[in-house]
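Student: Let me give you the structure first, and then I'll get to my questions.
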Amino acid sequence: MMEDEELEFVEDLEAILHLTPEVQLAIEQVFPSQDPLDRADFNAVEYINTLFPTEQSLANIDEVVNNIRLKIRRLDDNIRTVVRGQTNVGQDGRQALEEAQKAIQQLFGKIKDIKDKAEKSEQMVKEITRDIKQLDHAKRHLTTSITTLNHLHMLAGGVDSLEAMTRKRQYGEVANLLQGVVNVLEHFQKYMGIPQIRQLSERVKAAQSELGTQILADFEEAFPAQGSKKSGGPSIVLRDACLVANVLDPRIKQEIIKKFIRQHLSEYLVLFQENQDVAWLDKIDRRYAWIKRQLVDYEEKYGRMFPEEWCMTERISVEFCHITRTELAKLMRTRAREIEVKLLLFAIQRTTNFEGLLAKRFSGCTLNDGPGQKKPETPLEPTNPFLEDEDNVSEKDEDLDRPKKPKAPDNPFHGIVSKCFEPHLYVYIESQDKNLGELIDRFVADFRAQGPPKSGTDEGGAVLPSCADLFVYYKKCMVQCSQLSTGEPMIALTTIFQKYLREYAWKILSGNLPKTSTNSGGLTISSLLKEKEGSEVAKFTMEELCLICSILSTAEYCLATTQQLEEKLKDKVDKTLMERINLTGEMDTFSTVISNSIQLLVQDLDAACDPALTAMSKMPWQSVEHVGDQSPYVTSVIMHIKQNVPIIRDNLASTRKYFTQFCIKFTNSFIPKFINHLFRCKPISMVGAEQLLLDTHSLKTVLLDLPSIGSQVVRKAPASYTKIVVKGMTRAEMILKVVMAPHEPSVVFVDNYIKLLADSNPETFQKILDMKGLKRSEQGTMLELFRQRLPNPPSGPDGGPSLSFSAPTPEQESSRIRKLEKLIKKRIQ
C-alpha cells in the first residue's frame, strides 16, 4: 500500500510539474543552470549511472546520499523562506490599492469642479453674444434685400431697353445689354415662383427668340442662297449681329455659319462638277488653287465681319475638304478603270501637300476629334535592313536603350481629303506586286550571270547583295504606303511582302544550294549515302562550300531583318489591325534554309569520311601483330576534316552560332556511324583491339579540336559540343575495352560489360561477342547469363559508363592495358 501511494504521489507530482516548452525556456533564460537536476529532460537512470559508472564507485553511495539530503534540506529552507516572505506581500498590495482608490476619488472631484466652471463660462459667453448674432443676421438679410432689389431694378430696366433696341436693330448695344440681363436673371432662378419675376424671364426669352429670327433674316437678305454673288455684303450691322449671336442659342450661330459657308462654296460645286474636264485627278491642283484664292478673298472682304473665335477661315477650309473628298470618291467610282498608278500617286501627293499646308495654317480647333484622324509617320528605327534613318543615326547598338525621340505634333487634317483614295490603293498594291516580281526575276538572272562567290575572295560566305536591295525596296514601299493609308492597304502590302519573301527564300537561296552529282547523273547527297559503301563520292568544291556558307549567312540576315520588318509594319499600321501582321511563317522559311544549308555541309563532310570508315571495317583486325601509329583510315578522316572545316569556319565568321551547330550536327552524325562500323570489325584480336583503341583516341582528340582546327587563334570549344564528343567517343572506347577483356570467367565478363557500357540491349551484347569471335554455342550461354545478370537501369548523374574495371582481371590483361595506356600518353606528349 505504501508503494502504491508513493507511485500515485510521484505521478501527481509529475503532472503538476509538467511545464510547456515556452515556460521551460523562459525559466532557463532567467535562472541559467548547468546542474543536470534542473534540466527539463532529466533522466534519473542516466544521472545515477553518471554518479556510479562502475561497481567500485558504489562504495561512495553513503557520501552521495548525504550530499543529496543536504541539498534537499537547503532547498526546503529556501522554499520556506520564500513562502514566509510572501505572507506580507498580500497585505502590502491591499494597502497600496486602497491608497490608489483614494487618489482617484480626489482626482474625479477636481475634474467635476472644472467641468462645472466651464459650463458656467460657456453660458455667460452665450448671453454676451446673443445680441451680437441678432444684429449680424439682421445686417446680412438687409444687404441681401438691397442687392436683390437693385438686381430687380436692373432686370426690369434692362428688359425694357432690350425690347426697344431689338426693334431698332441696335445690335452693338444689344450684345452688351443682353449678356448683362442674362447674368442678372440667373440670380432670380430661385424666385421663379413669384409671378412678376416669371413674367420678366418670359419677356427675356421672347426677346432672345425675336433677336435670333431677326438676325437670321438679316443674313439671309445680305447673303441669299441663290445667285453667284452676294447682294448685300458685309456691314457693321452684321458684325454686331454676330456678337449678339454669341450670346443667343448656339443653334443661331451654327445656322449663320452653315448658310454663309454653303453660299461661299456654291461656285466650287459648279466649276468642278463631275462632267467637267477640270474635275479629274490630273487637274487636282486647280481645286486647291481655287480654295486658296477664295480664302484670300474672304480675308479681304469678310475677315472683320465674323468674330475671330468663330475661325471662319478654317471652317471654310474644312467644309471644302469634306466636299472635295465626297466629290472625288464619287468621281473615282465612276471612272475607276481610268485610274493608273502614276496618276493616283500624283493626286495623293498633291492632296497630302495641301493637308500639310492646312496643318501649318490652322490649329484644327473646329474639327471633332474623330477616329478618322491619323497620327504622323514616325521615322524608321536605324536598324538593319533599313540602313540609316532620316536623322542619320548610326549608333545601332544603342537603339534599344536610347529613349525615343519626341514625336512631331499630330496633323489634324491628315486624311481629311486623301482618305477618299484608300479604296483605290489596290492599284498601287498591284503595281508593287508586279515590281517585286520583276525584282525577284532580276535577282535570279543576276545570280546566274555572276555565278557563285569565288573562293579566296571577300565575297565567299558574305551576305548576297540582293537581299539588302530587297529590304531597301520594302522600306520604300512601307513608308510610301503608310503615308497613303495605315488601314487595309497596309495589310495587303504585308501579304505582298510575305509572298516575295518566300519566293526569295526558295528561288534565290534554296534554289541555288548546290547538289552533288556523279558521272551517271545528278544525285542528292542523301541518295549517294545509300550507294555501296566504299564507292567514290563526289565532294563539294571549295566554291560550292563558299556558296552554301554565303546562302546560310544570307538566310540568317533575312531572318533577323524579317523580324525587324514585322515590328516596323506593326508600328505603321492601325492598332486595330496589328494582330493581322504576322511574318512568322516567312521567318520559319528562312530557318529551314539555314537548317538545310547546315545539313548539306554536314552530309558533305560525313560522306567524305565514309570510304575511310568502310576501309576500317574491312581491315583484317584478327591478324594485326603489333600496335603502331594511327591507321591510314584515321589519317584519311583527319585530312577531310582539315580540308573542309577551316573553309566553313572562315566563311561563317559572321554567324558563329551556326558554325557551332554545324560542328554539333556533324559529331552527332559521325560518332554513331563510327560505332556502327566498329561493330563490323570482326573478329578482332587483342592487338587489333589495342590498335583500334589507339585510333579511337586519335579521332577523339581531332573531334575535340574540330571547332578551331587549322585556325591561328585557338578558341575553347563550347561545353555542349565537348560533352557530346566525350560521351560518344567514350562509348566507343568502352566497347573496345570490353572486347579486350577475357571472356572467362563468363560472370566477370558479363558484369564488366554491364558496368562499362550500361547497355541492356541483347543485340549490342551479341555484336560484342561477334567482335570477339566467339562460337555460337558460347554466345548462347553468354546471352543467357547476360539476361540473368542484367541489373536495373543505372541511376547515375549522367547515366554514363564507368571508365575502369571493378572486378579483378588476369595479370596478363592488366599488363596489356597498361602498355597501351603508356603508348597513348607517349603519342600525346
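Ordering of the C-alpha cells sets the chain letters (A, B, ...), residue numbers begin anew at 1 in every chain, and ligands are numbered from 1 in the order given.
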Based on DSSP run over this structure's backbone, return all residues of stretch 670-742 of chain A in alpha helix (DSSP H), as number ranges by chain.

Tutor: A: 670-680, 686-704, 719-740

Student: Which residue gives the smallest distance to A:Ser550 among A:Tyr504, A:Ala615, A:Leu774, A:Asn651, with only C-alpha atoms counted?

Tutor: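 The shortest atom-to-atom distance to A:Ser550 comes from A:Asn651.
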
Student: Out of A:Val593, A:Cys365, A:Ala347, A:Cys311, which residue has the shortest atom-to-atom distance to A:Glu556 when counting only C-alpha atoms?

Tutor: A:Val593

Student: Which residue gives the smallest distance to A:Pro489 among A:Arg293, A:Arg337, A:His424, A:Arg649, with only C-alpha atoms counted?

Tutor: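 For A:Pro489, the nearest of the candidates is A:His424.
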
Student: Which one of A:Met332, A:Ile664, A:Leu783, A:Leu425 sits closest to A:Ile491 if you count only C-alpha atoms?

Tutor: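 Checking each of A:Met332, A:Ile664, A:Leu783, A:Leu425 against A:Ile491, counting only C-alpha atoms, the winner is A:Leu425.
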
Student: Atom CA of A:His414 to atom CA of A:Ala289: how many Å, to one decimal?

Tutor: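 For atom CA of A:His414 relative to atom CA of A:Ala289, the distance reads 18.6 Å.
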
Student: To one decimal in Å, tell me the separation between atom CA of A:Tyr428 and atom CA of A:Leu577.

Tutor: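 These two atoms are separated by 19.8 Å.
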
Student: From the list A:Phe590, A:Phe670, A:Phe31, A:Tyr658, which residue is nearest A:Ala607 when using only C-alpha atoms?

Tutor: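 The closest residue to A:Ala607 is A:Phe670.
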
Student: Between A:Ile316, A:Asp282, A:Asp433, A:Asp469, single out the one closest to A:His264, counting only C-alpha atoms.

Tutor: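 Closest residue, counting only C-alpha atoms: A:Ile316.
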